[in-house]
file final31.txt (compact mmCIF, C-alpha atoms)
# COMPACT_ATOMS: atom_id res chain seq x y z
CA MET A 14 -85.09 86.20 -88.23
CA ALA A 15 -81.73 87.34 -89.55
CA GLN A 16 -83.40 88.41 -92.81
CA LEU A 17 -86.04 90.40 -90.93
CA ALA A 18 -83.35 92.11 -88.84
CA ASP A 19 -81.48 92.89 -92.05
CA ALA A 20 -84.61 94.45 -93.51
CA VAL A 21 -85.17 96.70 -90.52
CA LEU A 22 -81.66 97.55 -89.33
CA ALA A 23 -79.50 97.58 -92.48
CA PRO A 24 -77.94 100.99 -93.16
CA ARG A 25 -78.97 102.75 -96.35
CA ARG A 26 -81.77 100.28 -96.98
CA ASP A 27 -82.53 99.64 -100.65
CA GLY A 28 -86.14 98.62 -100.01
CA ALA A 29 -85.55 95.03 -101.10
CA TYR A 30 -87.14 93.62 -97.96
CA ASP A 31 -90.07 96.03 -97.78
CA ALA A 32 -92.40 93.25 -98.92
CA VAL A 33 -91.41 91.20 -95.86
CA LEU A 34 -92.21 94.18 -93.66
CA LYS A 35 -95.61 94.52 -95.35
CA TRP A 36 -96.31 90.85 -94.60
CA VAL A 37 -95.31 91.33 -90.97
CA LEU A 38 -97.61 94.36 -90.62
CA LEU A 39 -100.49 92.48 -92.24
CA MET A 40 -99.98 89.49 -89.95
CA ALA A 41 -99.84 91.82 -86.93
CA LEU A 42 -103.28 93.16 -87.88
CA ILE A 43 -104.60 89.62 -88.42
CA VAL A 44 -103.27 88.43 -85.06
CA MET A 45 -104.76 91.50 -83.38
CA GLY A 46 -108.13 90.73 -84.95
CA ALA A 47 -107.84 87.09 -83.84
CA VAL A 48 -107.05 88.15 -80.26
CA VAL A 49 -110.04 90.49 -80.17
CA SER A 50 -112.28 87.75 -81.62
CA TYR A 51 -111.03 85.30 -79.00
CA ASP A 52 -111.62 87.84 -76.24
CA TYR A 53 -115.25 88.18 -77.32
CA GLY A 54 -115.62 84.41 -77.56
CA LEU A 55 -116.08 84.33 -81.33
CA LEU A 56 -113.14 82.03 -82.06
CA THR A 57 -114.12 79.68 -79.24
CA TYR A 58 -117.65 79.44 -80.61
CA LEU A 59 -116.33 78.99 -84.16
CA PHE A 60 -114.31 75.90 -83.27
CA GLU A 61 -116.67 74.40 -80.70
CA ALA A 62 -119.88 74.73 -82.72
CA ASP A 63 -118.39 73.16 -85.85
CA GLN A 64 -118.89 69.43 -85.32
CA SER A 65 -117.28 68.63 -88.67
CA ARG A 66 -113.92 70.18 -87.57
CA ILE A 67 -113.50 71.64 -91.04
CA THR A 68 -112.80 75.06 -89.52
CA VAL A 69 -109.85 73.54 -87.63
CA LEU A 70 -108.50 72.18 -90.91
CA ILE A 71 -108.97 75.59 -92.56
CA ALA A 72 -107.10 77.29 -89.71
CA VAL A 73 -104.19 74.81 -89.88
CA LEU A 74 -103.90 75.16 -93.66
CA TYR A 75 -104.03 78.94 -93.40
CA VAL A 76 -101.15 78.99 -90.93
CA ALA A 77 -99.15 76.59 -93.13
CA PHE A 78 -99.70 78.62 -96.31
CA SER A 79 -98.87 81.84 -94.44
CA GLY A 80 -95.54 80.38 -93.39
CA HIS A 81 -94.90 79.34 -96.98
CA CYS A 82 -95.70 82.88 -98.12
CA LEU A 83 -93.18 84.32 -95.67
CA TRP A 84 -90.50 81.91 -96.92
CA ILE A 85 -91.24 82.92 -100.53
CA LEU A 86 -91.08 86.62 -99.64
CA VAL A 87 -87.66 86.21 -98.00
CA GLU A 88 -86.32 84.34 -101.05
CA LEU A 89 -87.78 86.83 -103.50
CA SER A 90 -86.49 89.77 -101.48
CA ARG A 91 -82.99 88.31 -101.67
CA GLU A 92 -83.36 88.08 -105.45
CA TYR A 93 -84.69 91.64 -105.58
CA ARG A 94 -81.69 92.94 -103.64
CA ARG A 95 -79.39 91.10 -106.02
CA ALA A 96 -81.18 92.62 -109.02
CA LEU A 97 -80.84 96.11 -107.55
CA GLN A 98 -77.13 95.55 -106.88
CA VAL A 99 -76.55 94.38 -110.45
CA LYS A 100 -78.48 97.35 -111.81
CA THR A 101 -76.32 99.76 -109.79
CA MET A 102 -73.08 98.09 -110.86
CA LEU A 103 -73.98 98.02 -114.55
CA ALA A 104 -75.23 101.61 -114.56
CA ALA A 105 -71.82 102.87 -113.43
CA ALA A 106 -69.75 100.59 -115.72
CA THR A 107 -68.19 101.47 -119.07
CA ARG A 108 -67.38 97.84 -119.81
CA LEU A 109 -68.89 94.61 -118.61
CA PRO A 110 -67.65 94.08 -115.03
CA ASP A 111 -66.86 90.74 -113.46
CA LEU A 112 -70.12 90.16 -111.66
CA PRO A 113 -69.90 87.85 -108.63
CA ARG A 114 -71.71 84.61 -109.35
CA GLY A 115 -74.24 83.11 -106.98
CA GLY A 116 -76.88 80.42 -107.08
CA GLY A 117 -79.94 82.64 -107.43
CA LEU A 118 -82.24 83.09 -110.39
CA ILE A 119 -80.90 86.56 -111.19
CA ASP A 120 -77.30 85.29 -111.30
CA GLY A 121 -78.33 82.35 -113.45
CA TYR A 122 -80.19 84.67 -115.80
CA ILE A 123 -77.15 86.94 -116.20
CA ALA A 124 -74.85 83.97 -116.77
CA ASP A 125 -77.18 82.57 -119.46
CA LEU A 126 -77.43 85.97 -121.12
CA ILE A 127 -73.66 86.38 -121.20
CA ARG A 128 -73.25 82.90 -122.68
CA SER A 129 -75.79 83.77 -125.36
CA ARG A 130 -73.35 86.31 -126.85
CA GLU A 131 -71.72 83.37 -128.62
CA HIS A 132 -74.43 84.02 -131.21
CA PRO A 133 -74.49 87.84 -131.51
CA SER A 134 -77.05 87.87 -134.29
CA GLU A 135 -79.57 86.16 -132.00
CA MET A 136 -78.67 88.05 -128.83
CA GLU A 137 -81.79 90.22 -128.76
CA GLY A 138 -84.09 87.25 -129.27
CA ASN A 139 -82.23 85.22 -126.67
CA ALA A 140 -82.53 88.06 -124.16
CA HIS A 141 -86.29 88.26 -124.72
CA LEU A 142 -86.72 84.52 -124.18
CA LEU A 143 -84.49 84.52 -121.12
CA MET A 144 -86.45 87.41 -119.58
CA MET A 145 -89.70 85.52 -120.16
CA SER A 146 -88.18 82.42 -118.59
CA LEU A 147 -86.99 84.44 -115.57
CA GLY A 148 -90.45 85.91 -115.00
CA ALA A 149 -92.04 82.46 -115.28
CA SER A 150 -89.58 81.07 -112.73
CA PHE A 151 -90.54 83.74 -110.22
CA ARG A 152 -94.28 83.40 -110.82
CA ARG A 153 -94.06 79.63 -110.38
CA ARG A 154 -93.08 80.24 -106.75
CA THR A 155 -96.17 82.33 -106.04
CA LYS A 156 -98.60 80.16 -108.01
CA ILE A 157 -99.23 77.98 -104.97
CA GLY A 158 -100.96 81.00 -103.43
CA SER A 159 -103.81 80.71 -105.92
CA TYR A 160 -104.09 77.01 -105.13
CA GLY A 161 -104.13 77.67 -101.38
CA THR A 162 -106.77 80.38 -101.66
CA ASP A 163 -108.97 78.19 -103.83
CA LEU A 164 -108.49 75.27 -101.44
CA LEU A 165 -109.76 77.30 -98.47
CA TYR A 166 -112.77 78.46 -100.48
CA LYS A 167 -113.55 74.88 -101.49
CA LEU A 168 -113.24 73.65 -97.91
CA GLY A 169 -115.73 76.32 -96.88
CA MET A 170 -118.12 75.09 -99.57
CA LEU A 171 -117.56 71.50 -98.42
CA GLY A 172 -118.54 72.53 -94.92
CA THR A 173 -121.69 74.10 -96.32
CA MET A 174 -122.67 70.81 -97.96
CA VAL A 175 -121.84 68.85 -94.81
CA GLY A 176 -124.05 71.17 -92.79
CA PHE A 177 -126.95 70.72 -95.21
CA VAL A 178 -126.56 66.95 -95.02
CA MET A 179 -126.68 67.12 -91.22
CA MET A 180 -129.85 69.21 -91.40
CA LEU A 181 -131.54 66.79 -93.81
CA ASN A 182 -130.47 63.83 -91.71
CA SER A 183 -132.10 65.38 -88.66
CA MET A 184 -135.40 65.68 -90.55
CA GLY A 185 -135.28 61.96 -91.31
CA ASP A 186 -135.24 61.20 -87.59
CA MET A 187 -138.65 62.84 -87.05
CA SER A 188 -140.65 59.60 -87.24
CA ASN A 189 -142.66 60.56 -84.19
CA PHE A 190 -143.91 64.04 -83.39
CA ASP A 191 -143.50 63.87 -79.64
CA VAL A 192 -141.74 66.62 -77.76
CA ASP A 193 -138.45 64.77 -77.18
CA THR A 194 -138.07 63.69 -80.80
CA LEU A 195 -138.89 67.16 -82.08
CA ARG A 196 -136.45 68.76 -79.63
CA ALA A 197 -133.63 66.40 -80.67
CA ALA A 198 -134.35 66.97 -84.36
CA LEU A 199 -134.31 70.74 -83.94
CA GLN A 200 -131.01 70.55 -82.07
CA LYS A 201 -129.47 68.56 -84.93
CA MET A 202 -130.86 71.03 -87.46
CA ILE A 203 -129.33 73.95 -85.56
CA ALA A 204 -126.01 72.10 -85.33
CA GLY A 205 -126.07 71.45 -89.08
CA MET A 206 -126.90 75.07 -89.81
CA ALA A 207 -124.02 76.17 -87.56
CA VAL A 208 -121.61 73.88 -89.44
CA SER A 209 -122.85 75.22 -92.77
CA LEU A 210 -122.52 78.90 -91.86
CA LEU A 211 -119.34 78.76 -89.77
CA THR A 212 -117.32 76.75 -92.28
CA THR A 213 -118.41 79.07 -95.07
CA ILE A 214 -117.33 82.11 -93.04
CA ALA A 215 -114.01 80.48 -92.10
CA GLY A 216 -113.26 79.51 -95.71
CA LEU A 217 -114.08 82.97 -97.05
CA ILE A 218 -112.09 84.85 -94.42
CA GLY A 219 -109.11 82.50 -94.69
CA GLY A 220 -109.09 82.67 -98.50
CA ILE A 221 -109.35 86.48 -98.56
CA LEU A 222 -106.55 86.94 -96.03
CA LEU A 223 -104.32 84.42 -97.77
CA ARG A 224 -104.91 86.16 -101.10
CA LEU A 225 -103.81 89.44 -99.53
CA GLU A 226 -100.56 87.84 -98.39
CA TYR A 227 -99.74 86.34 -101.77
CA ASN A 228 -100.64 89.61 -103.48
CA ILE A 229 -97.61 91.07 -101.70
CA ALA A 230 -95.47 88.33 -103.25
CA ASP A 231 -97.00 88.90 -106.70
CA ALA A 232 -96.20 92.62 -106.48
CA LEU A 233 -92.61 91.78 -105.50
CA VAL A 234 -92.28 89.47 -108.52
CA THR A 235 -93.40 92.35 -110.73
CA ASP A 236 -90.77 94.64 -109.18
CA ILE A 237 -88.02 92.06 -109.73
CA SER A 238 -89.04 91.47 -113.35
CA GLN A 239 -89.15 95.21 -114.07
CA THR A 240 -85.70 95.69 -112.52
CA ALA A 241 -84.29 92.80 -114.56
CA VAL A 242 -85.76 94.19 -117.77
CA SER A 243 -84.40 97.64 -116.91
CA PHE A 244 -80.77 96.67 -116.34
CA THR A 245 -80.88 94.24 -119.28
CA GLU A 246 -82.13 96.70 -121.86
CA VAL A 247 -80.42 99.83 -120.55
CA SER A 248 -77.03 98.49 -119.46
CA LEU A 249 -76.30 94.80 -119.94
CA LEU A 250 -77.15 94.35 -123.63
CA PRO A 251 -75.34 97.57 -124.69
CA LEU A 252 -72.25 96.49 -122.73
CA LEU A 253 -72.32 93.05 -124.33
CA ALA A 254 -72.71 94.60 -127.79
CA ARG A 255 -69.83 96.98 -127.10
CA GLY A 256 -67.64 94.04 -126.07
CA GLU A 257 -68.47 92.23 -129.30
CA ARG A 258 -67.47 95.28 -131.36
CA ASP A 259 -64.19 95.64 -129.47
CA VAL A 260 -63.36 92.03 -130.22
call {"tool": "encode", "arguments": {"input": "final31.txt", "output": "structure tokens"}}
result
Amino acid sequence: MAQLADAVLAPRRDGAYDAVLKWVLLMALIVMGAVVSYDYGLLTYLFEADQSRITVLIAVLYVAFSGHCLWILVELSREYRRALQVKTMLAAATRLPDLPRGGGLIDGYIADLIRSREHPSEMEGNAHLLMMSLGASFRRRTKIGSYGTDLLYKLGMLGTMVGFVMMLNSMGDMSNFDVDTLRAALQKMIAGMAVSLLTTIAGLIGGILLRLEYNIADALVTDISQTAVSFTEVSLLPLLARGERDV
């Protein structure tokens, strides 16, 4: 909550937490749609008609992955703000300043790059490898989004298969063609069809919405990587080279 308040109320905002605000706006629209669906009875029917309870599992996983996405966005936004601060400091410096050290990925990247000046002839190659490593570290945090989206899709497909099995099982019960047996078999077939369709819809909607959330995180990773490349190539490497010449 403190991070969200910082994003909204901080004076002279640098836009580092705009991705968090985008997530909040997207979730507000999703919650509004869920409230409207509940008001019309769609959500109630979705959960009551699904005898397999796969839609409940999809909903729980969606909420869990959404919370994880918010946590990732807050962490990445903190790194983005740090990258913007470093870029501003280096742009105004004529010599390498004493940058405050922290425990984030950006601070670790800068520390590794400064240590790499022990081998000036390999500095450019080291910087390229370190930038690639930094980008991979950020993308590793958002990779779970692809897994979560695929998991919701697969659960929807699993529900489709379960529904088909229920329908086929109901046909096996039609040993006698009396009215009661036929009525019971048709009810089971309808229940199986409901499971098949509802779980598919729930998996598709959940996967699409979750992909939208993690797309915000992927875009933020791109912004951080571009900022890191910018201050490295434009300011940090020239300052390090200048320090080597002065020595």
call {"tool": "closest_residue", "arguments": {"input": "final31.txt", "among": "A:Leu143, A:Met206, A:Leu225, A:Val178", "to": "Ser129 (chain A)", "atoms": "only C-alpha atoms"}}
result
A:Leu143
call {"tool": "closest_atom_pairs", "arguments": {"input": "final31.txt", "of": "region 28-108 of chain A", "to": "region 158-169 of chain A", "cutoff": "8 Å", "atoms": "all atoms listed in the file", "output": "JSON lines"}}
result
{"residue": "A:Ile67", "atom": "CA", "partner": "A:Leu168", "partner_atom": "CA", "distance": 7.2}
{"residue": "A:Ile71", "atom": "CA", "partner": "A:Leu165", "partner_atom": "CA", "distance": 6.2}
{"residue": "A:Leu74", "atom": "CA", "partner": "A:Leu165", "partner_atom": "CA", "distance": 7.9}
{"residue": "A:Tyr75", "atom": "CA", "partner": "A:Leu165", "partner_atom": "CA", "distance": 7.8}
{"residue": "A:Phe78", "atom": "CA", "partner": "A:Gly161", "partner_atom": "CA", "distance": 6.8}
{"residue": "A:Cys82", "atom": "CA", "partner": "A:Gly158", "partner_atom": "CA", "distance": 7.7}
call {"tool": "residues_around", "arguments": {"input": "final31.txt", "residues": "Ile157 (chain A)", "least_positions_apart": "4", "cutoff": "12 Å", "atoms": "all atoms listed in the file", "output": "PyMOL selection string"}}
result
chain A and resi 77-79+81-82+85+151-153+161-164+223-224+226-228+230-231
call {"tool": "write_last_selection", "arguments": {"input": "final31.txt", "atoms": "C-alpha atoms", "output": "PDB file, in the frame of the given file"}}
result
ATOM      1  CA  ALA A  77     -99.150  76.590 -93.130  1.00  0.00           C
ATOM      2  CA  PHE A  78     -99.700  78.620 -96.310  1.00  0.00           C
ATOM      3  CA  SER A  79     -98.870  81.840 -94.440  1.00  0.00           C
ATOM      4  CA  HIS A  81     -94.900  79.340 -96.980  1.00  0.00           C
ATOM      5  CA  CYS A  82     -95.700  82.880 -98.120  1.00  0.00           C
ATOM      6  CA  ILE A  85     -91.240  82.920-100.530  1.00  0.00           C
ATOM      7  CA  PHE A 151     -90.540  83.740-110.220  1.00  0.00           C
ATOM      8  CA  ARG A 152     -94.280  83.400-110.820  1.00  0.00           C
ATOM      9  CA  ARG A 153     -94.060  79.630-110.380  1.00  0.00           C
ATOM     10  CA  GLY A 161    -104.130  77.670-101.380  1.00  0.00           C
ATOM     11  CA  THR A 162    -106.770  80.380-101.660  1.00  0.00           C
ATOM     12  CA  ASP A 163    -108.970  78.190-103.830  1.00  0.00           C
ATOM     13  CA  LEU A 164    -108.490  75.270-101.440  1.00  0.00           C
ATOM     14  CA  LEU A 223    -104.320  84.420 -97.770  1.00  0.00           C
ATOM     15  CA  ARG A 224    -104.910  86.160-101.100  1.00  0.00           C
ATOM     16  CA  GLU A 226    -100.560  87.840 -98.390  1.00  0.00           C
ATOM     17  CA  TYR A 227     -99.740  86.340-101.770  1.00  0.00           C
ATOM     18  CA  ASN A 228    -100.640  89.610-103.480  1.00  0.00           C
ATOM     19  CA  ALA A 230     -95.470  88.330-103.250  1.00  0.00           C
ATOM     20  CA  ASP A 231     -97.000  88.900-106.700  1.00  0.00           C
TER      21      ASP A 231
END
call {"tool": "residues_around", "arguments": {"input": "final31.txt", "residues": "Ile119 (chain A)", "least_positions_apart": "6", "cutoff": "9 Å", "atoms": "all atoms listed in the file", "output": "MDAnalysis selection string"}}
result
chainID A and resid 92:93 95:96 99 147 241
call {"tool": "atom_distance", "arguments": {"input": "final31.txt", "atom1": "CA of Arg91 (chain A)", "atom2": "CA of Ile229 (chain A)"}}
result
14.9 Å
call {"tool": "atom_distance", "arguments": {"input": "final31.txt", "atom1": "CA of Gly205 (chain A)", "atom2": "CA of Gly176 (chain A)"}}
result
4.2 Å
call {"tool": "atom_distance", "arguments": {"input": "final31.txt", "atom1": "CA of Thr173 (chain A)", "atom2": "CA of Leu39 (chain A)"}}
result
28.4 Å
